[in-house]
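Structure, as structure tokens:
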Amino acid sequence: MTTTPDIWEPLEPALSVRQVLTLERVLAGEPEVVAGASHLDRPVRWVHVAEAADVGVMLSGGEMVLTTGVLLAGDEEKQAEYVRSLHRAEAAAVVLGLGRAFPAAPDVMRRAAERCGLPMVVLHRPFPFAELTEEVQSRLVRRKFAAVSLSEAVRTELTALITAGAPLQRLLDEVARHSACPVVVTNLAHRVLGTAGERPAVDDVLRDWERIARQAGGTEGDGWIRAELGGRGERWGRIVLCGYRGDTATGRLLADRAAEALVLHRMLGGGAACSWEEQSAQSLLTDLVSGVVPARQLLPRARAAGLPVNRRTFVPLVVRDGDTPRLDRLLRLLGLPGLVAELADGATAVLLSLPRDQDADALAAHFATRLRTDSGPARTVVAAADSRVVWDDVPAGLREAQHVADAVADSAAALDLPPVVRLRDVHLRGLIRLLRDDPHVQSFAERELDGLLREADEDLLSVLRTYLATGRNKSRTAQLHHVSRPALYRRLEAIQVRLGVDLDDFEQAASVHIALLAHDAQQQ
């Protein structure tokens, strides 16, 4: 039975020329680098013993060629051409065993190797090439088997996650664990759709993502390994292993397996690529609203997600009964930079990022008016906080906008609200919403309404709610509850008895009204 390598431990880089020269069997031959010393980190793909003068035609690149030079002795032109042919074939290095043919390193070969940048090594002691070949080949074969095993293990695990319905983030987390480096998924415009890996390392990558992605993103020699995402002849994104520390070939295998899994995830999910953009925005805005992660730590993610953040005015909005894709399309149509994400309970957060020389309030009002017009008869509430010019103030603004949206939820007065509702527009109801989780407010509501809450008389509570909301208009209250005025009087009398208040007294009625608003806010 074969065993697979520990898939959580990244494979070490492939053997380089430098590493081969440190092997015990090679050291026994007293190796000396006589040319190309600055190129010893070239990877060795294979070891090849060759005496033929035209050895280059037998190679495919990456070979360490071992020779005694018996067919080259006495012919300097052949010696120079031998080195040039190795260079053209992109050999990793040439190792010359000194002996009868060459008692010392031939100057012609050494100079040619130096000019070509080809590492040239001579062995001062007789050395059986078969031992070196066996040692290196066995190591390379083991590594190749380990890389293939790792590739298949990654494919199996990611496929299992997809079959189990795992979200995109779960897949990316697994890829990051396998590769032991930050993982980034982007669309073709370099907008970040998802990330995984240790948070500090990811933030370092995202801090200047636009420049990094365009300039360094294609340099695999620096550990940046990319795989394209797409299908049916169309590309729609890419996955990037950022700073992968293993050998490039293994990194490509990991990136390819990850790309296959992401494409399959998208196909089975039945969504478009923009759904990943929605998930990215939702994750970012949810973290901002919650305040669990400091806003400054979220700044790299916001910038990488395509939100302009330098010298901007931020307008926090929360839309009630808004459709996320429709809101996103409207922002694009109006040319307003921003992020859209569904929060909860029918609320959608919209964070606008506007140049500071633009009228933020006017643009927010234009957005809200256009949204209401497009919504037709459906009621859409756009709540806003005051604009922010400091990123660290954005979370408080989003929470304030959410409080305002909650304050007008299920309110009959919502139809008469301005296009953009702010805290000043919801008056007492807004204040109560902001304070609803305060223990003192909760205790006050329970104490004031105890006579009705204890018996859970929803009918009397409903009558009280309407009576106070209509400004204690008895005729209007009777009409809304479809009862006669005498029947209403009896119910109001019962309410006053149970609460021990006189509703004709303004201060007592106001106290009960505030308690009822607080009670209703706590139930939502």
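Identifiers for the structure tokens are assigned positionally: chains receive A, B, ... in sequence, residues are indexed from 1 per chain, and ligands are indexed from 1 in the order shown.
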Mind the document's chain letters and residue numbers, and return as a VMD selection string the residues of region 256-400 of chain A that DSSP labels strand (DSSP E).
-> chain A and resid 312 to 320 338 to 342 347 to 355 381 to 384
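Neighbours of Val390 (chain A) closer than or equal to 9 Å, with only C-alpha atoms counted and sequence neighbours fewer than 2 positions away skipped, come out as Arg311, Arg312, Thr313, Phe314, Arg388, Asp392, Asp393 and Val394 of chain A.
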With C-alpha atoms kept, could you save the residues just selected as a PDB file, in the first residue's frame?
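Dumped to selection.pdb:
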```pdb
ATOM      1  CA  ARG A 311      -9.318  61.199   0.151  1.00  0.00           C
ATOM      2  CA  ARG A 312     -12.936  60.132  -0.213  1.00  0.00           C
ATOM      3  CA  THR A 313     -16.292  60.941   1.351  1.00  0.00           C
ATOM      4  CA  PHE A 314     -18.057  57.798   2.561  1.00  0.00           C
ATOM      5  CA  ARG A 388     -17.786  60.336   6.874  1.00  0.00           C
ATOM      6  CA  ASP A 392     -12.393  54.610  10.929  1.00  0.00           C
ATOM      7  CA  ASP A 393     -15.785  56.352  11.319  1.00  0.00           C
ATOM      8  CA  VAL A 394     -17.497  54.242   8.651  1.00  0.00           C
TER       9      VAL A 394
END
```
Distance query Ala73 (chain A) at most 12 Å, only C-alpha atoms, self and fewer than 2 positions along chain excluded, as number ranges by chain = A: 51, 53, 67-71, 75-80, 82, 98-106, 108-109
Fewer than 3 positions away in the same chain doesn't count, so skip those; otherwise give me all residues within 9 Å of Ile432 (chain A), counting only C-alpha atoms, as a ChimeraX atom specification.
-> /A:407,427-429,435-436,441,514,517-518,521
Since we have the selection now, will you write its residues out, keeping N, CA and C atoms, as a compact mmCIF listing (two decimals), in the first residue's frame?
```txt
# COMPACT_ATOMS: atom_id res chain seq x y z
N ALA A 407 -35.85 51.82 12.54
CA ALA A 407 -36.82 52.69 13.20
C ALA A 407 -38.06 52.93 12.36
N HIS A 427 -37.08 61.06 14.63
CA HIS A 427 -37.39 61.68 15.91
C HIS A 427 -37.28 60.70 17.08
N LEU A 428 -38.37 60.64 17.89
CA LEU A 428 -38.35 59.83 19.10
C LEU A 428 -38.18 58.34 18.77
N ARG A 429 -38.82 57.90 17.69
CA ARG A 429 -38.73 56.49 17.32
C ARG A 429 -37.27 56.10 17.04
N LEU A 435 -31.51 53.17 21.63
CA LEU A 435 -31.37 52.85 23.04
C LEU A 435 -32.07 51.55 23.44
N ARG A 436 -32.61 50.82 22.47
CA ARG A 436 -33.47 49.70 22.81
C ARG A 436 -32.75 48.59 23.58
N VAL A 441 -33.67 51.18 29.70
CA VAL A 441 -34.83 51.38 28.82
C VAL A 441 -35.72 50.14 28.85
N ILE A 514 -43.67 56.23 25.03
CA ILE A 514 -42.24 55.91 24.95
C ILE A 514 -42.00 54.46 25.34
N LEU A 517 -43.07 52.24 22.45
CA LEU A 517 -42.08 52.27 21.37
C LEU A 517 -40.87 51.41 21.72
N ALA A 518 -40.41 51.51 22.96
CA ALA A 518 -39.26 50.71 23.39
C ALA A 518 -39.60 49.23 23.37
N ALA A 521 -39.65 48.07 19.76
CA ALA A 521 -38.28 48.02 19.21
C ALA A 521 -37.54 46.77 19.69
```
Would you kindly return, as a VMD selection string, each protein, DNA or RNA residue with an atom no farther than 8 Å from any atom of Gly243 (chain A), considering only C-alpha atoms and excluding same-chain residues fewer than 6 positions away?
-> chain A and resid 181 to 182 222 to 224
